[in-house]
>>> print(open('upload37.pdb').read())   # PDB, C-alpha atoms and all ligand atoms
MODEL        1
ATOM      1  CA  MET Q  15      82.317 121.962  57.851
ATOM      2  CA  SER Q  16      84.878 123.963  55.933
ATOM      3  CA  GLU Q  17      85.571 125.810  59.173
ATOM      4  CA  HIS Q  18      86.276 122.449  60.816
ATOM      5  CA  ASP Q  19      88.615 121.380  58.009
ATOM      6  CA  HIS Q  20      90.315 124.720  58.087
ATOM      7  CA  HIS Q  21      91.072 124.294  61.747
ATOM      8  CA  HIS Q  22      92.632 120.875  61.284
ATOM      9  CA  HIS Q  23      94.592 121.626  58.155
ATOM     10  CA  GLY Q  24      95.683 125.141  58.994
ATOM     11  CA  GLY Q  25      99.328 124.148  58.522
ATOM     12  CA  GLU Q  26      98.857 123.525  54.847
ATOM     13  CA  HIS Q  27      98.428 127.170  53.866
ATOM     14  CA  ASP Q  28     101.171 128.602  51.726
ATOM     15  CA  ARG Q  29     104.113 129.475  53.873
ATOM     16  CA  PRO Q  30     107.722 130.292  53.200
ATOM     17  CA  LEU Q  31     108.819 127.360  55.389
ATOM     18  CA  SER Q  32     107.666 123.747  55.453
ATOM     19  CA  GLY Q  33     106.003 122.372  58.591
ATOM     20  CA  PRO Q  34     109.117 120.767  60.067
ATOM     21  CA  ALA Q  35     111.318 123.752  59.151
ATOM     22  CA  LEU Q  36     108.829 126.080  60.815
ATOM     23  CA  ARG Q  37     108.790 123.987  63.976
ATOM     24  CA  VAL Q  38     112.584 123.947  64.090
ATOM     25  CA  LYS Q  39     112.663 127.728  63.640
ATOM     26  CA  ALA Q  40     110.094 128.138  66.414
ATOM     27  CA  LEU Q  41     112.040 125.870  68.768
ATOM     28  CA  GLU Q  42     115.286 127.637  67.957
ATOM     29  CA  SER Q  43     113.752 131.067  68.633
ATOM     30  CA  LEU Q  44     112.337 129.846  71.915
ATOM     31  CA  LEU Q  45     115.612 128.303  73.086
ATOM     32  CA  VAL Q  46     117.555 131.429  72.175
ATOM     33  CA  GLU Q  47     114.960 133.665  73.816
ATOM     34  CA  LYS Q  48     115.074 131.654  77.046
ATOM     35  CA  GLY Q  49     118.843 131.909  77.000
ATOM     36  CA  LEU Q  50     119.191 128.133  76.769
ATOM     37  CA  VAL Q  51     121.050 128.239  73.497
ATOM     38  CA  ASP Q  52     123.638 130.619  72.138
ATOM     39  CA  PRO Q  53     122.812 131.202  68.435
ATOM     40  CA  LYS Q  54     126.532 131.208  67.641
ATOM     41  CA  ALA Q  55     126.978 127.835  69.323
ATOM     42  CA  LEU Q  56     124.050 126.533  67.298
ATOM     43  CA  ASP Q  57     125.652 127.706  64.054
ATOM     44  CA  GLU Q  58     128.868 125.981  65.074
ATOM     45  CA  LEU Q  59     126.963 122.796  65.819
ATOM     46  CA  ILE Q  60     125.319 122.838  62.395
ATOM     47  CA  ASP Q  61     128.652 123.530  60.734
ATOM     48  CA  THR Q  62     130.114 120.584  62.621
ATOM     49  CA  TYR Q  63     127.489 118.238  61.248
ATOM     50  CA  GLU Q  64     127.766 119.700  57.741
ATOM     51  CA  THR Q  65     131.507 119.606  57.367
ATOM     52  CA  LYS Q  66     133.029 117.432  60.091
ATOM     53  CA  VAL Q  67     131.052 114.682  61.820
ATOM     54  CA  GLY Q  68     128.822 113.778  58.887
ATOM     55  CA  PRO Q  69     131.369 113.541  56.061
ATOM     56  CA  ARG Q  70     133.852 111.725  58.330
ATOM     57  CA  ASN Q  71     131.649 108.636  58.040
ATOM     58  CA  GLY Q  72     131.847 108.724  54.257
ATOM     59  CA  ALA Q  73     135.579 109.404  54.402
ATOM     60  CA  ARG Q  74     136.104 106.206  56.386
ATOM     61  CA  VAL Q  75     134.087 104.257  53.808
ATOM     62  CA  VAL Q  76     136.123 105.719  50.925
ATOM     63  CA  ALA Q  77     139.459 105.106  52.653
ATOM     64  CA  ARG Q  78     138.500 101.488  53.340
ATOM     65  CA  ALA Q  79     137.560 101.010  49.676
ATOM     66  CA  TRP Q  80     140.949 102.442  48.657
ATOM     67  CA  VAL Q  81     142.964 100.010  50.766
ATOM     68  CA  ASP Q  82     140.738  96.930  50.652
ATOM     69  CA  PRO Q  83     139.780  95.681  47.160
ATOM     70  CA  ALA Q  84     137.250  93.193  48.555
ATOM     71  CA  TYR Q  85     135.534  95.971  50.491
ATOM     72  CA  LYS Q  86     135.499  98.161  47.384
ATOM     73  CA  GLN Q  87     133.783  95.350  45.472
ATOM     74  CA  ARG Q  88     131.150  95.031  48.188
ATOM     75  CA  LEU Q  89     130.664  98.800  48.212
ATOM     76  CA  LEU Q  90     130.088  98.979  44.467
ATOM     77  CA  ALA Q  91     127.825  95.915  44.495
ATOM     78  CA  ASP Q  92     125.678  96.897  47.505
ATOM     79  CA  ALA Q  93     126.654 100.200  49.059
ATOM     80  CA  GLY Q  94     123.959 100.100  51.734
ATOM     81  CA  ALA Q  95     125.257  96.813  53.119
ATOM     82  CA  ALA Q  96     128.924  97.821  52.828
ATOM     83  CA  ILE Q  97     128.279 101.131  54.608
ATOM     84  CA  ALA Q  98     126.262  99.311  57.284
ATOM     85  CA  GLU Q  99     129.435  97.313  58.085
ATOM     86  CA  PHE Q 100     130.588 100.531  59.796
ATOM     87  CA  GLY Q 101     127.259 100.845  61.590
ATOM     88  CA  PHE Q 102     126.130 103.774  59.419
ATOM     89  CA  VAL Q 103     122.520 103.088  58.510
ATOM     90  CA  GLY Q 104     119.776 105.142  56.933
ATOM     91  CA  ARG Q 105     116.026 104.941  57.184
ATOM     92  CA  GLY Q 106     115.464 102.459  54.411
ATOM     93  CA  GLU Q 107     116.483 104.556  51.417
ATOM     94  CA  ASP Q 108     118.825 102.806  48.977
ATOM     95  CA  ILE Q 109     122.333 104.047  48.466
ATOM     96  CA  VAL Q 110     124.561 103.514  45.459
ATOM     97  CA  ALA Q 111     128.313 104.112  45.297
ATOM     98  CA  LEU Q 112     129.621 105.642  42.056
ATOM     99  CA  GLU Q 113     133.246 105.027  41.168
ATOM    100  CA  ASN Q 114     135.275 107.824  39.633
ATOM    101  CA  THR Q 115     137.972 106.678  37.216
ATOM    102  CA  PRO Q 116     140.503 108.469  35.014
ATOM    103  CA  THR Q 117     137.802 108.531  32.308
ATOM    104  CA  VAL Q 118     134.577 108.972  34.324
ATOM    105  CA  ARG Q 119     133.550 111.649  36.817
ATOM    106  CA  ASN Q 120     130.288 111.316  38.736
ATOM    107  CA  LEU Q 121     128.344 114.307  40.014
ATOM    108  CA  VAL Q 122     125.460 114.059  42.494
ATOM    109  CA  VAL Q 123     122.533 116.439  42.720
ATOM    110  CA  CYS Q 124     118.927 116.456  43.864
ATOM    111  CA  THR Q 125     117.067 118.464  41.255
ATOM    112  CA  LEU Q 126     113.797 118.442  43.221
ATOM    113  CA  CYS Q 127     114.928 119.331  46.714
ATOM    114  CA  SER Q 128     117.874 118.280  48.843
ATOM    115  CA  CYS Q 129     118.021 114.471  49.019
ATOM    116  CA  TYR Q 130     121.447 113.547  50.339
ATOM    117  CA  PRO Q 131     123.205 110.413  51.621
ATOM    118  CA  TRP Q 132     123.115 111.626  55.208
ATOM    119  CA  PRO Q 133     124.326 108.399  56.914
ATOM    120  CA  VAL Q 134     127.688 108.934  55.184
ATOM    121  CA  LEU Q 135     127.765 112.703  54.598
ATOM    122  CA  GLY Q 136     125.665 114.268  57.356
ATOM    123  CA  LEU Q 137     123.752 117.450  56.512
ATOM    124  CA  PRO Q 138     123.844 118.830  52.958
ATOM    125  CA  PRO Q 139     125.729 122.089  52.468
ATOM    126  CA  VAL Q 140     123.678 125.194  51.652
ATOM    127  CA  TRP Q 141     124.901 125.304  48.034
ATOM    128  CA  TYR Q 142     123.736 121.727  47.451
ATOM    129  CA  LYS Q 143     120.189 122.793  48.303
ATOM    130  CA  SER Q 144     120.373 125.990  46.244
ATOM    131  CA  ALA Q 145     118.357 126.401  43.056
ATOM    132  CA  PRO Q 146     121.391 127.408  40.946
ATOM    133  CA  TYR Q 147     123.318 124.234  41.811
ATOM    134  CA  ARG Q 148     120.275 122.004  41.336
ATOM    135  CA  ALA Q 149     119.636 123.445  37.887
ATOM    136  CA  ARG Q 150     123.188 123.925  36.658
ATOM    137  CA  ALA Q 151     124.443 120.503  37.761
ATOM    138  CA  VAL Q 152     122.147 119.082  35.081
ATOM    139  CA  ILE Q 153     122.377 121.762  32.391
ATOM    140  CA  ASP Q 154     126.096 122.508  32.679
ATOM    141  CA  PRO Q 155     127.875 119.918  34.850
ATOM    142  CA  ARG Q 156     131.291 120.740  33.380
ATOM    143  CA  GLY Q 157     130.777 124.407  34.226
ATOM    144  CA  VAL Q 158     129.835 123.513  37.790
ATOM    145  CA  LEU Q 159     132.873 121.261  38.137
ATOM    146  CA  LYS Q 160     135.168 123.935  36.733
ATOM    147  CA  GLU Q 161     133.902 126.441  39.299
ATOM    148  CA  LEU Q 162     133.825 124.190  42.319
ATOM    149  CA  GLY Q 163     136.607 121.729  41.849
ATOM    150  CA  GLY Q 164     138.664 122.373  38.755
ATOM    151  CA  GLU Q 165     138.245 121.814  35.059
ATOM    152  CA  VAL Q 166     137.526 118.340  33.706
ATOM    153  CA  ALA Q 167     139.348 117.292  30.546
ATOM    154  CA  ASP Q 168     137.223 116.933  27.395
ATOM    155  CA  ASP Q 169     137.885 113.205  27.104
ATOM    156  CA  VAL Q 170     136.549 112.554  30.615
ATOM    157  CA  GLU Q 171     132.887 111.595  30.707
ATOM    158  CA  VAL Q 172     130.772 113.439  33.309
ATOM    159  CA  ARG Q 173     127.772 111.527  34.643
ATOM    160  CA  VAL Q 174     125.098 113.369  36.625
ATOM    161  CA  TRP Q 175     122.984 111.447  39.134
ATOM    162  CA  ASP Q 176     119.680 112.823  40.406
ATOM    163  CA  SER Q 177     118.953 111.749  43.980
ATOM    164  CA  THR Q 178     115.476 110.924  45.241
ATOM    165  CA  ALA Q 179     113.881 110.147  48.577
ATOM    166  CA  GLU Q 180     114.375 106.452  47.829
ATOM    167  CA  LEU Q 181     117.806 106.523  46.213
ATOM    168  CA  ARG Q 182     120.929 108.394  47.324
ATOM    169  CA  TYR Q 183     124.453 108.421  45.917
ATOM    170  CA  LEU Q 184     127.969 108.445  47.280
ATOM    171  CA  VAL Q 185     130.867 109.185  44.942
ATOM    172  CA  LEU Q 186     133.938 107.030  45.412
ATOM    173  CA  PRO Q 187     136.634 109.483  44.368
ATOM    174  CA  GLU Q 188     139.949 108.495  42.814
ATOM    175  CA  ARG Q 189     142.747 107.884  45.259
ATOM    176  CA  PRO Q 190     145.288 110.635  44.624
ATOM    177  CA  ALA Q 191     148.823 109.871  43.500
ATOM    178  CA  GLY Q 192     151.438 110.227  46.191
ATOM    179  CA  THR Q 193     149.438 108.360  48.831
ATOM    180  CA  GLU Q 194     151.059 104.968  48.289
ATOM    181  CA  GLY Q 195     151.660 103.232  51.578
ATOM    182  CA  TRP Q 196     149.388 105.539  53.562
ATOM    183  CA  SER Q 197     147.285 104.004  56.313
ATOM    184  CA  GLU Q 198     143.511 103.892  56.090
ATOM    185  CA  GLU Q 199     143.328 106.553  58.819
ATOM    186  CA  GLN Q 200     145.691 108.875  56.945
ATOM    187  CA  LEU Q 201     143.677 108.430  53.778
ATOM    188  CA  ALA Q 202     140.360 109.112  55.534
ATOM    189  CA  GLU Q 203     141.728 112.466  56.678
ATOM    190  CA  ILE Q 204     142.120 113.805  53.152
ATOM    191  CA  VAL Q 205     138.721 112.659  51.796
ATOM    192  CA  THR Q 206     136.438 115.680  51.622
ATOM    193  CA  ARG Q 207     132.685 116.083  51.558
ATOM    194  CA  ASP Q 208     132.865 117.813  48.172
ATOM    195  CA  ALA Q 209     134.788 114.892  46.684
ATOM    196  CA  MET Q 210     132.060 112.509  47.841
ATOM    197  CA  ILE Q 211     129.360 114.694  46.243
ATOM    198  CA  GLY Q 212     131.528 114.656  43.144
ATOM    199  CA  VAL Q 213     132.233 118.366  42.721
ATOM    200  CA  ALA Q 214     135.914 118.061  43.605
ATOM    201  CA  ARG Q 215     138.779 115.608  43.483
ATOM    202  CA  VAL Q 216     140.708 114.407  46.497
ATOM    203  CA  THR Q 217     144.100 116.056  46.649
ATOM    204  CA  VAL Q 218     147.046 115.676  48.970
ATOM    205  CA  PRO Q 219     147.334 118.835  51.060
ATOM    206  CA  ALA Q 220     150.890 120.088  51.439
ATOM    207  CA  GLY Q 221     152.527 118.619  54.492
ATOM    208  CA  SER Q 222     149.986 115.857  55.074
ATOM    209  CA  GLY Q 223     150.613 112.149  55.081
ATOM    210  CA  ARG Q 224     153.847 110.934  56.561
TER     211      ARG Q 224
HETATM  212 FE    FE Q 301     115.525 115.856  47.334
ENDMDL
END
>>> encode(input="upload37.pdb", output="structure tokens")
Amino acid sequence: MSEHDHHHHGGEHDRPLSGPALRVKALESLLVEKGLVDPKALDELIDTYETKVGPRNGARVVARAWVDPAYKQRLLADAGAAIAEFGFVGRGEDIVALENTPTVRNLVVCTLCSCYPWPVLGLPPVWYKSAPYRARAVIDPRGVLKELGGEVADDVEVRVWDSTAELRYLVLPERPAGTEGWSEEQLAEIVTRDAMIGVARVTVPAGSGR
């Protein structure tokens, strides 16, 4: 009987990778081996989803909130519904938008694993999933912010939000000075993934805008 159970639950033995991760690894190895996929192209694809395609959704949401006060109100009241106005929908997990102000900075982490608001940000960056970030974001959020996105003044409150499978967070960063009169599209271009996780502020890159 134990032999029977063993056969059916063989995947539950201790392994360095989870079931799905193992399957992905196996598929990747097979595709590379058969010459169907160039590992470099695959890395580029993952990078695209981590830093470009994914966060662009969130950037559009943030830019809309910056130019449209009614939309911002909807976003803060019910982020899931406001984000769904763009057609970005999750798999039933709730999402909450956290507004940064001159006196409050919000920082998002998942202390247990890597829960992330993927409909607006895509795939989480490697550092977000790393043990040091997950621990330090809670123990020393100001230290983390100083390293990743610049020091936060003492009179600014830092709030840390721990994501779960059921509840994800999107930071609504402060609109930077010097962007008055910019179009929604121009604004979306300067909103970064890190700003929407809360580790950095949005800044105006030299030469951008109009
Ligand atoms: Fe998680």
>>> closest_residue(input="upload37.pdb", among="Q:Tyr130, Q:Tyr147, Q:Phe102, Q:Tyr85", to="ligand FE 301 (chain Q)", atoms="all atoms listed in the file")
Q:Tyr130
>>> closest_atom_pairs(input="upload37.pdb", of="chain Q", to="ligand FE 301 (chain Q)", cutoff="6 Å", atoms="only C-alpha atoms and all ligand atoms", output="CSV")
residue,atom,partner,partner_atom,distance
Q:Cys124,CA,Q:FE301,FE,4.9
Q:Leu126,CA,Q:FE301,FE,5.2
Q:Cys127,CA,Q:FE301,FE,3.6
Q:Ser128,CA,Q:FE301,FE,3.7
Q:Cys129,CA,Q:FE301,FE,3.3
Q:Thr178,CA,Q:FE301,FE,5.4
>>> atom_distance(input="upload37.pdb", atom1="atom CA of Q:Pro83", atom2="atom CA of Q:Gly163")
26.8 Å
>>> residues_around(input="upload37.pdb", residues="Q:Glu180", least_positions_apart="2", cutoff="9 Å", atoms="only C-alpha atoms", output="PyMOL selection string")
chain Q and resi 106-109+129+177-178+182
>>> residues_around(input="upload37.pdb", residues="Q:Leu201", least_positions_apart="5", cutoff="10 Å", atoms="all atoms listed in the file", output="short mmCIF file (atom, residue, chain, number, x, y, z; two decimals) with C-alpha atoms, keeping the file's coordinate frame")
data_model
loop_
_atom_site.label_atom_id
_atom_site.label_comp_id
_atom_site.auth_asym_id
_atom_site.auth_seq_id
_atom_site.Cartn_x
_atom_site.Cartn_y
_atom_site.Cartn_z
CA ALA Q 73 135.58 109.40 54.40
CA ARG Q 74 136.10 106.21 56.39
CA VAL Q 76 136.12 105.72 50.92
CA ALA Q 77 139.46 105.11 52.65
CA ARG Q 78 138.50 101.49 53.34
CA TRP Q 80 140.95 102.44 48.66
CA VAL Q 81 142.96 100.01 50.77
CA ARG Q 189 142.75 107.88 45.26
CA PRO Q 190 145.29 110.64 44.62
CA THR Q 193 149.44 108.36 48.83
CA GLU Q 194 151.06 104.97 48.29
CA GLY Q 195 151.66 103.23 51.58
CA TRP Q 196 149.39 105.54 53.56
CA VAL Q 216 140.71 114.41 46.50
CA VAL Q 218 147.05 115.68 48.97
CA SER Q 222 149.99 115.86 55.07
CA GLY Q 223 150.61 112.15 55.08
#
>>> atom_distance(input="upload37.pdb", atom1="atom CA of Q:Leu181", atom2="atom CA of Q:Leu90")
14.5 Å
>>> residues_around(input="upload37.pdb", residues="Q:Arg156", least_positions_apart="6", cutoff="10 Å", atoms="all atoms listed in the file", output="list in words")
Arg119, Leu121, Arg150, Leu162, Gly164, Glu165, Val166, Ala167, Asp168, Glu171, Val172, Arg173 and Val213 of chain Q
>>> atom_distance(input="upload37.pdb", atom1="atom CA of Q:Gly104", atom2="atom CA of Q:Gly33")
22.1 Å
>>> closest_residue(input="upload37.pdb", among="Q:Ala95, Q:Val75, Q:Val140, Q:Ile153", to="Q:Glu203", atoms="all atoms listed in the file")
Q:Val75
>>> closest_atom_pairs(input="upload37.pdb", of="stretch 78-185 of chain Q", to="stretch 48-66 of chain Q", cutoff="9 Å", atoms="all atoms listed in the file", output="Markdown table")
| residue | atom | partner | partner_atom | distance |
| --- | --- | --- | --- | --- |
| Q:Leu135 | CA | Q:Glu64 | CA | 7.7 |
| Q:Gly136 | CA | Q:Glu64 | CA | 5.8 |
| Q:Leu137 | CA | Q:Glu64 | CA | 4.8 |
| Q:Pro138 | CA | Q:Glu64 | CA | 6.2 |
| Q:Pro139 | CA | Q:Glu64 | CA | 6.1 |
>>> closest_residue(input="upload37.pdb", among="Q:Asp169, Q:Glu99, Q:Glu199, Q:Asp176", to="Q:Ala149", atoms="only C-alpha atoms")
Q:Asp176
>>> closest_residue(input="upload37.pdb", among="Q:Leu41, Q:Ala145, Q:Ile204, Q:Val103", to="Q:Glu188", atoms="only C-alpha atoms")
Q:Ile204
>>> resolve_selection(input="upload37.pdb", expression="the PyMOL selection byres (((chain Q and resi 112) around 6) and not hetatm)", output="short mmCIF file (atom, residue, chain, number, x, y, z; two decimals) with C-alpha atoms, in the frame of the given file")
data_model
loop_
_atom_site.label_atom_id
_atom_site.label_comp_id
_atom_site.auth_asym_id
_atom_site.auth_seq_id
_atom_site.Cartn_x
_atom_site.Cartn_y
_atom_site.Cartn_z
CA ALA Q 111 128.31 104.11 45.30
CA GLU Q 113 133.25 105.03 41.17
CA VAL Q 185 130.87 109.18 44.94
CA LEU Q 186 133.94 107.03 45.41
#
>>> closest_residue(input="upload37.pdb", among="Q:Thr115, Q:Asp82, Q:Val122, Q:Val46", to="Q:Ser197", atoms="all atoms listed in the file")
Q:Asp82
>>> build_atoms(input="upload37.pdb", residues="stretch 105-116 of chain Q", atoms="all heavy atoms", output="PDB file, in the frame of the given file")
ATOM      1  N   ARG Q 105     117.400 105.269  56.791  1.00  0.00           N
ATOM      2  CA  ARG Q 105     116.026 104.941  57.184  1.00  0.00           C
ATOM      3  C   ARG Q 105     115.332 104.159  56.090  1.00  0.00           C
ATOM      4  O   ARG Q 105     114.159 104.334  55.837  1.00  0.00           O
ATOM      5  CB  ARG Q 105     115.260 106.233  57.491  1.00  0.00           C
ATOM      6  CG  ARG Q 105     115.560 106.758  58.872  1.00  0.00           C
ATOM      7  CD  ARG Q 105     114.842 108.046  59.129  1.00  0.00           C
ATOM      8  NE  ARG Q 105     115.406 109.143  58.337  1.00  0.00           N
ATOM      9  CZ  ARG Q 105     115.255 110.428  58.648  1.00  0.00           C
ATOM     10  NH1 ARG Q 105     114.549 110.777  59.695  1.00  0.00           N
ATOM     11  NH2 ARG Q 105     115.788 111.362  57.892  1.00  0.00           N
ATOM     12  N   GLY Q 106     116.076 103.306  55.418  1.00  0.00           N
ATOM     13  CA  GLY Q 106     115.464 102.459  54.411  1.00  0.00           C
ATOM     14  C   GLY Q 106     115.681 102.902  52.983  1.00  0.00           C
ATOM     15  O   GLY Q 106     115.380 102.164  52.056  1.00  0.00           O
ATOM     16  N   GLU Q 107     116.222 104.111  52.788  1.00  0.00           N
ATOM     17  CA  GLU Q 107     116.483 104.556  51.417  1.00  0.00           C
ATOM     18  C   GLU Q 107     117.700 103.793  50.885  1.00  0.00           C
ATOM     19  O   GLU Q 107     118.605 103.461  51.630  1.00  0.00           O
ATOM     20  CB  GLU Q 107     116.718 106.067  51.351  1.00  0.00           C
ATOM     21  CG  GLU Q 107     117.986 106.573  52.023  1.00  0.00           C
ATOM     22  CD  GLU Q 107     117.851 106.764  53.521  1.00  0.00           C
ATOM     23  OE1 GLU Q 107     116.799 106.399  54.080  1.00  0.00           O
ATOM     24  OE2 GLU Q 107     118.815 107.244  54.138  1.00  0.00           O
ATOM     25  N   ASP Q 108     117.697 103.511  49.584  1.00  0.00           N
ATOM     26  CA  ASP Q 108     118.825 102.806  48.977  1.00  0.00           C
ATOM     27  C   ASP Q 108     119.976 103.775  48.752  1.00  0.00           C
ATOM     28  O   ASP Q 108     119.768 104.964  48.557  1.00  0.00           O
ATOM     29  CB  ASP Q 108     118.412 102.193  47.633  1.00  0.00           C
ATOM     30  CG  ASP Q 108     117.631 100.914  47.833  1.00  0.00           C
ATOM     31  OD1 ASP Q 108     117.892 100.209  48.826  1.00  0.00           O
ATOM     32  OD2 ASP Q 108     116.751 100.624  47.002  1.00  0.00           O
ATOM     33  N   ILE Q 109     121.175 103.222  48.772  1.00  0.00           N
ATOM     34  CA  ILE Q 109     122.333 104.047  48.466  1.00  0.00           C
ATOM     35  C   ILE Q 109     123.230 103.311  47.478  1.00  0.00           C
ATOM     36  O   ILE Q 109     123.397 102.099  47.569  1.00  0.00           O
ATOM     37  CB  ILE Q 109     123.077 104.465  49.752  1.00  0.00           C
ATOM     38  CG1 ILE Q 109     124.229 105.407  49.433  1.00  0.00           C
ATOM     39  CG2 ILE Q 109     123.551 103.268  50.545  1.00  0.00           C
ATOM     40  CD1 ILE Q 109     124.656 106.246  50.608  1.00  0.00           C
ATOM     41  N   VAL Q 110     123.720 104.079  46.510  1.00  0.00           N
ATOM     42  CA  VAL Q 110     124.561 103.514  45.459  1.00  0.00           C
ATOM     43  C   VAL Q 110     125.896 104.254  45.466  1.00  0.00           C
ATOM     44  O   VAL Q 110     125.928 105.482  45.560  1.00  0.00           O
ATOM     45  CB  VAL Q 110     123.873 103.652  44.081  1.00  0.00           C
ATOM     46  CG1 VAL Q 110     124.850 103.364  42.950  1.00  0.00           C
ATOM     47  CG2 VAL Q 110     122.660 102.741  43.987  1.00  0.00           C
ATOM     48  N   ALA Q 111     126.991 103.495  45.386  1.00  0.00           N
ATOM     49  CA  ALA Q 111     128.313 104.112  45.297  1.00  0.00           C
ATOM     50  C   ALA Q 111     128.717 104.206  43.828  1.00  0.00           C
ATOM     51  O   ALA Q 111     128.537 103.260  43.054  1.00  0.00           O
ATOM     52  CB  ALA Q 111     129.342 103.297  46.080  1.00  0.00           C
ATOM     53  N   LEU Q 112     129.237 105.374  43.444  1.00  0.00           N
ATOM     54  CA  LEU Q 112     129.621 105.642  42.056  1.00  0.00           C
ATOM     55  C   LEU Q 112     131.127 105.816  41.993  1.00  0.00           C
ATOM     56  O   LEU Q 112     131.680 106.711  42.646  1.00  0.00           O
ATOM     57  CB  LEU Q 112     128.938 106.926  41.577  1.00  0.00           C
ATOM     58  CG  LEU Q 112     127.430 107.020  41.799  1.00  0.00           C
ATOM     59  CD1 LEU Q 112     126.972 108.475  41.686  1.00  0.00           C
ATOM     60  CD2 LEU Q 112     126.701 106.146  40.790  1.00  0.00           C
ATOM     61  N   GLU Q 113     131.786 104.978  41.205  1.00  0.00           N
ATOM     62  CA  GLU Q 113     133.246 105.027  41.168  1.00  0.00           C
ATOM     63  C   GLU Q 113     133.769 106.007  40.118  1.00  0.00           C
ATOM     64  O   GLU Q 113     133.466 105.879  38.930  1.00  0.00           O
ATOM     65  CB  GLU Q 113     133.803 103.624  40.884  1.00  0.00           C
ATOM     66  CG  GLU Q 113     135.320 103.590  40.938  1.00  0.00           C
ATOM     67  CD  GLU Q 113     135.895 102.226  40.584  1.00  0.00           C
ATOM     68  OE1 GLU Q 113     135.179 101.390  40.010  1.00  0.00           O
ATOM     69  OE2 GLU Q 113     137.091 102.017  40.893  1.00  0.00           O
ATOM     70  N   ASN Q 114     134.559 106.958  40.574  1.00  0.00           N
ATOM     71  CA  ASN Q 114     135.275 107.824  39.633  1.00  0.00           C
ATOM     72  C   ASN Q 114     136.494 107.080  39.104  1.00  0.00           C
ATOM     73  O   ASN Q 114     137.147 106.334  39.836  1.00  0.00           O
ATOM     74  CB  ASN Q 114     135.741 109.102  40.327  1.00  0.00           C
ATOM     75  CG  ASN Q 114     134.644 110.141  40.434  1.00  0.00           C
ATOM     76  OD1 ASN Q 114     133.544 109.959  39.910  1.00  0.00           O
ATOM     77  ND2 ASN Q 114     134.930 111.228  41.121  1.00  0.00           N
ATOM     78  N   THR Q 115     136.794 107.282  37.830  1.00  0.00           N
ATOM     79  CA  THR Q 115     137.972 106.678  37.216  1.00  0.00           C
ATOM     80  C   THR Q 115     138.681 107.761  36.411  1.00  0.00           C
ATOM     81  O   THR Q 115     138.167 108.889  36.300  1.00  0.00           O
ATOM     82  CB  THR Q 115     137.572 105.530  36.257  1.00  0.00           C
ATOM     83  OG1 THR Q 115     136.925 106.097  35.117  1.00  0.00           O
ATOM     84  CG2 THR Q 115     136.636 104.528  36.925  1.00  0.00           C
ATOM     85  N   PRO Q 116     139.838 107.450  35.832  1.00  0.00           N
ATOM     86  CA  PRO Q 116     140.503 108.469  35.014  1.00  0.00           C
ATOM     87  C   PRO Q 116     139.630 108.933  33.844  1.00  0.00           C
ATOM     88  O   PRO Q 116     139.852 110.014  33.298  1.00  0.00           O
ATOM     89  CB  PRO Q 116     141.756 107.748  34.509  1.00  0.00           C
ATOM     90  CG  PRO Q 116     142.034 106.721  35.566  1.00  0.00           C
ATOM     91  CD  PRO Q 116     140.682 106.269  36.044  1.00  0.00           C
TER      92      PRO Q 116
END
